[in-house]
Amino acid sequence: MPELPEVETIVRGLREQILGIEIQAARLLKADMLRIPRRASRKFKDFFVGRNFVAIDRVGKFLLFTLNDRSRLVAHLGMTGKFVVTNGRFPDPPYLCSQYIFRNGQRLDHIDVRRFGRLEIYPSGSKIPIIERLGPDPLSPEFKPQTLRSLLFGRSGRRRRRAMHTLLLDQSLISGVGNIYASEALFRAGIRPQRRADRVRLRELGALADSLRQVMREAVAAGGTTVSDYRRVDDKPGRFVASLRVYDREGQPCRDCEAKIKRTILGGRSAYYCPKCQK
DNA sequence: CTTGTGCCCTGCCAGC
DNA sequence: TGCTGGCAGGGCACAA
């Protein structure tokens with residue numbers, strides 16, 4: 001599942017491969033994945049053909065492609081989405097959702113088995129609601145003590161009662177964190193995933209902020225975490241899986257204390273933790 | 001405002 | 001051995 005480090009790795013790979021190269025053809029194979037705001041309803045290819053990508057950015061877990069006419073393609077990879085660049089001499093892969101062919105012969109395949117992902121196209125200058133709703137991500141300069149405080153206190157100033165793991169997954173508070181890094185950051189901060197926000201001390205937030213930043217930086221450096229589907233643009237797996245302390249390690253010994261790693265369900269999602277290292 | 005639930009989708013695998 | 005029900009989960013619509 002692509003989270004911040006995986007999406008960042010993909011974005012960096014895409015920049016190297018396709019920036020500034022004219023798009024010769026584009027097609028949408030899974031029409032239900034595209035949501036176009038009413039204002040612009042052209043054929044899919046007409047947004048791309050003859051143009052080129054001038055910028056590719058990451059916002060939270062979203063990819064933001066800017067074309068030279070300043071219109072923008074927003075992509076979310078959901079659980080199983082991939083962007084793969086090849087020399088175009090291979091047949092279409094299964095589960096192809098959209099495809100972009102460049103003048104130099106390169107081909108960008110957008111693949112998504114479960115189709116939890118999403119594409120949106122916005123005209124130049126228009127606001128992108130799904131991105132404006134996002135909180136700052138742990139690697140952005142806007143990520144401040146106040147950001148972490150918003151985990152514990154709602155807009156009304158009332159103390160939240162949800163589990164910390166669930167709060168970390170709330171993209172409107174902090175963006176880019178998914179199941180893997182929520183568990184990993186909480187482990188590093190010594191906080192159990194099921195601990196309610198109203199039972200977290202303010203000074204524990206500092207450790208959590210450091211853990212989030214640290215785990216994200218390390219994972220980006222490793223090219224992300226490949227548990228099942230995620231692949232880099234060059235189809236190689238991410239190496240951070242070797243550094244996971246708790247995620248997907250139920251029953252295995254904690255690397256610090258050798259207690260057995262436990263798994264629990266919070267908000268319908270698996271959370272992993274060490275019962276001895278995390279309080 | 002806050003929190004919880006179910007839905008989307010398909011590969012995988014435990015259990016029969 | 002072969003089938004199958006349930007599980008996995010990011011984001012969102014909707015309900016309470």
# chains A, B, ... in the order shown; residues from 1 in each chain; ligands from 1

$ closest_atom_pairs --of "chain B" --to "chain A" --cutoff "9 Å" --atoms "only C-alpha atoms (C1' of nucleotides)" --output "JSON lines"
{"residue": "B:DC1", "atom": "C1'", "partner": "A:Ser156", "partner_atom": "CA", "distance": 7.3}
{"residue": "B:DT2", "atom": "C1'", "partner": "A:Gly154", "partner_atom": "CA", "distance": 8.4}
{"residue": "B:DT3", "atom": "C1'", "partner": "A:Arg162", "partner_atom": "CA", "distance": 8.0}
{"residue": "B:DG4", "atom": "C1'", "partner": "A:Gly267", "partner_atom": "CA", "distance": 8.2}
{"residue": "B:DC8", "atom": "C1'", "partner": "A:Phe116", "partner_atom": "CA", "distance": 7.0}
{"residue": "B:DC9", "atom": "C1'", "partner": "A:Arg114", "partner_atom": "CA", "distance": 4.6}
{"residue": "B:DT10", "atom": "C1'", "partner": "A:Arg114", "partner_atom": "CA", "distance": 5.5}
{"residue": "B:DG11", "atom": "C1'", "partner": "A:Val113", "partner_atom": "CA", "distance": 8.6}

$ interface_residues --of "chain C" --to "chain A" --cutoff "9 Å" --atoms "only C-alpha atoms (C1' of nucleotides)" --output "PDB file with C-alpha atoms (C1' of nucleotides), in the first residue's frame"
ATOM      1  C1'  DA C   8      -7.099  -7.265   3.506  1.00  0.00           C
ATOM      2  C1'  DG C   9      -7.519  -1.869   3.510  1.00  0.00           C
ATOM      3  C1'  DG C  10      -7.564   4.061   1.821  1.00  0.00           C
ATOM      4  C1'  DG C  11     -10.938   7.107   1.279  1.00  0.00           C
TER       5       DG C  11
END

$ select_by_dssp --residues "stretch 132-204 of chain A" --states "strand (DSSP E or B)" --output "compact mmCIF listing (two decimals) with all heavy atoms, in the first residue's frame"
# COMPACT_ATOMS: atom_id res chain seq x y z
N PHE A 153 -6.54 17.24 20.32
CA PHE A 153 -7.64 18.18 20.53
C PHE A 153 -8.35 18.49 19.22
O PHE A 153 -7.71 18.81 18.22
CB PHE A 153 -7.12 19.50 21.13
CG PHE A 153 -6.44 19.31 22.46
CD1 PHE A 153 -5.07 19.14 22.53
CD2 PHE A 153 -7.18 19.28 23.64
CE1 PHE A 153 -4.45 18.95 23.75
CE2 PHE A 153 -6.57 19.10 24.86
CZ PHE A 153 -5.19 18.93 24.93
N ARG A 159 -10.94 17.37 23.97
CA ARG A 159 -9.99 16.29 23.87
C ARG A 159 -10.59 15.11 23.10
O ARG A 159 -11.71 14.69 23.37
CB ARG A 159 -9.61 15.85 25.29
CG ARG A 159 -8.38 15.04 25.33
CD ARG A 159 -7.33 15.59 26.25
NE ARG A 159 -6.13 14.80 26.01
CZ ARG A 159 -4.97 15.00 26.58
NH1 ARG A 159 -4.85 15.97 27.46
NH2 ARG A 159 -3.93 14.25 26.28
N ALA A 163 -8.53 6.08 19.26
CA ALA A 163 -7.22 5.43 19.42
C ALA A 163 -6.17 6.18 18.61
O ALA A 163 -6.45 6.67 17.52
CB ALA A 163 -7.30 3.98 18.96
N ARG A 196 -5.96 5.69 23.89
CA ARG A 196 -6.87 6.77 23.50
C ARG A 196 -6.13 8.10 23.57
O ARG A 196 -5.28 8.31 24.42
CB ARG A 196 -8.08 6.79 24.43
CG ARG A 196 -9.07 5.70 24.12
CD ARG A 196 -10.11 5.54 25.22
NE ARG A 196 -10.44 6.79 25.88
CZ ARG A 196 -11.49 6.92 26.68
NH1 ARG A 196 -12.30 5.89 26.90
NH2 ARG A 196 -11.72 8.06 27.27

$ residues_around --residues "A:Arg192" --least-positions-apart "2" --cutoff "8 Å" --atoms "only C-alpha atoms (C1' of nucleotides)" --output "list in words"
Met164, Leu186, Phe187, Gly190, Gln194, Arg195, Tyr273, Cys274, Pro275, Gln278 and Lys279 of chain A

$ residues_around --residues "C:DC3" --least-positions-apart "5" --cutoff "12 Å" --atoms "only C-alpha atoms (C1' of nucleotides)" --output "VMD selection string"
chain B and resid 13 15 to 16

$ write_last_selection --atoms "all heavy atoms" --output "PDB file, in the first residue's frame"
ATOM      1  P    DC B  13      -1.171 -16.580  -0.316  1.00  0.00           P
ATOM      2  OP1  DC B  13       0.048 -15.981   0.239  1.00  0.00           O
ATOM      3  OP2  DC B  13      -1.105 -17.518  -1.458  1.00  0.00           O
ATOM      4  O5'  DC B  13      -1.969 -17.303   0.874  1.00  0.00           O
ATOM      5  C5'  DC B  13      -2.476 -16.528   1.944  1.00  0.00           C
ATOM      6  C4'  DC B  13      -3.571 -17.318   2.636  1.00  0.00           C
ATOM      7  O4'  DC B  13      -4.813 -17.201   1.913  1.00  0.00           O
ATOM      8  C3'  DC B  13      -3.284 -18.821   2.728  1.00  0.00           C
ATOM      9  O3'  DC B  13      -3.737 -19.276   3.975  1.00  0.00           O
ATOM     10  C2'  DC B  13      -4.145 -19.399   1.616  1.00  0.00           C
ATOM     11  C1'  DC B  13      -5.362 -18.490   1.761  1.00  0.00           C
ATOM     12  N1   DC B  13      -6.282 -18.488   0.611  1.00  0.00           N
ATOM     13  C2   DC B  13      -7.641 -18.228   0.829  1.00  0.00           C
ATOM     14  O2   DC B  13      -8.032 -18.012   1.982  1.00  0.00           O
ATOM     15  N3   DC B  13      -8.499 -18.221  -0.224  1.00  0.00           N
ATOM     16  C4   DC B  13      -8.035 -18.453  -1.452  1.00  0.00           C
ATOM     17  N4   DC B  13      -8.916 -18.428  -2.453  1.00  0.00           N
ATOM     18  C5   DC B  13      -6.663 -18.724  -1.696  1.00  0.00           C
ATOM     19  C6   DC B  13      -5.819 -18.732  -0.647  1.00  0.00           C
ATOM     20  P    DG B  15      -7.190 -22.051   9.929  1.00  0.00           P
ATOM     21  OP1  DG B  15      -7.624 -21.402  11.189  1.00  0.00           O
ATOM     22  OP2  DG B  15      -6.025 -22.964   9.910  1.00  0.00           O
ATOM     23  O5'  DG B  15      -8.439 -22.817   9.305  1.00  0.00           O
ATOM     24  C5'  DG B  15      -9.651 -22.120   9.096  1.00  0.00           C
ATOM     25  C4'  DG B  15     -10.612 -22.995   8.323  1.00  0.00           C
ATOM     26  O4'  DG B  15     -10.193 -23.050   6.940  1.00  0.00           O
ATOM     27  C3'  DG B  15     -10.664 -24.446   8.819  1.00  0.00           C
ATOM     28  O3'  DG B  15     -12.023 -24.824   8.981  1.00  0.00           O
ATOM     29  C2'  DG B  15      -9.992 -25.240   7.697  1.00  0.00           C
ATOM     30  C1'  DG B  15     -10.331 -24.381   6.487  1.00  0.00           C
ATOM     31  N9   DG B  15      -9.448 -24.550   5.341  1.00  0.00           N
ATOM     32  C8   DG B  15      -8.086 -24.737   5.353  1.00  0.00           C
ATOM     33  N7   DG B  15      -7.568 -24.860   4.157  1.00  0.00           N
ATOM     34  C5   DG B  15      -8.662 -24.763   3.302  1.00  0.00           C
ATOM     35  C6   DG B  15      -8.718 -24.820   1.885  1.00  0.00           C
ATOM     36  O6   DG B  15      -7.802 -24.982   1.084  1.00  0.00           O
ATOM     37  N1   DG B  15     -10.032 -24.668   1.414  1.00  0.00           N
ATOM     38  C2   DG B  15     -11.130 -24.486   2.222  1.00  0.00           C
ATOM     39  N2   DG B  15     -12.307 -24.360   1.603  1.00  0.00           N
ATOM     40  N3   DG B  15     -11.089 -24.428   3.544  1.00  0.00           N
ATOM     41  C4   DG B  15      -9.824 -24.570   4.015  1.00  0.00           C
ATOM     42  P    DC B  16     -12.439 -26.139   9.831  1.00  0.00           P
ATOM     43  OP1  DC B  16     -13.349 -25.702  10.903  1.00  0.00           O
ATOM     44  OP2  DC B  16     -11.207 -26.898  10.154  1.00  0.00           O
ATOM     45  O5'  DC B  16     -13.275 -26.970   8.757  1.00  0.00           O
ATOM     46  C5'  DC B  16     -14.401 -26.345   8.132  1.00  0.00           C
ATOM     47  C4'  DC B  16     -14.578 -26.919   6.753  1.00  0.00           C
ATOM     48  O4'  DC B  16     -13.371 -26.715   5.983  1.00  0.00           O
ATOM     49  C3'  DC B  16     -14.856 -28.427   6.718  1.00  0.00           C
ATOM     50  O3'  DC B  16     -16.189 -28.646   6.261  1.00  0.00           O
ATOM     51  C2'  DC B  16     -13.838 -28.995   5.730  1.00  0.00           C
ATOM     52  C1'  DC B  16     -13.314 -27.750   5.016  1.00  0.00           C
ATOM     53  N1   DC B  16     -11.905 -27.875   4.545  1.00  0.00           N
ATOM     54  C2   DC B  16     -11.642 -27.871   3.163  1.00  0.00           C
ATOM     55  O2   DC B  16     -12.572 -27.765   2.363  1.00  0.00           O
ATOM     56  N3   DC B  16     -10.355 -27.999   2.741  1.00  0.00           N
ATOM     57  C4   DC B  16      -9.364 -28.104   3.632  1.00  0.00           C
ATOM     58  N4   DC B  16      -8.126 -28.206   3.163  1.00  0.00           N
ATOM     59  C5   DC B  16      -9.614 -28.103   5.027  1.00  0.00           C
ATOM     60  C6   DC B  16     -10.882 -27.987   5.445  1.00  0.00           C
TER      61       DC B  16
END

$ atom_distance --atom1 "atom CA of A:Glu8" --atom2 "atom CA of A:Phe53"
16.9 Å

$ select_by_dssp --residues "stretch 180-262 of chain A" --states "alpha helix (DSSP H)" --output "MDAnalysis selection string"
chainID A and resid 180:189 204:221
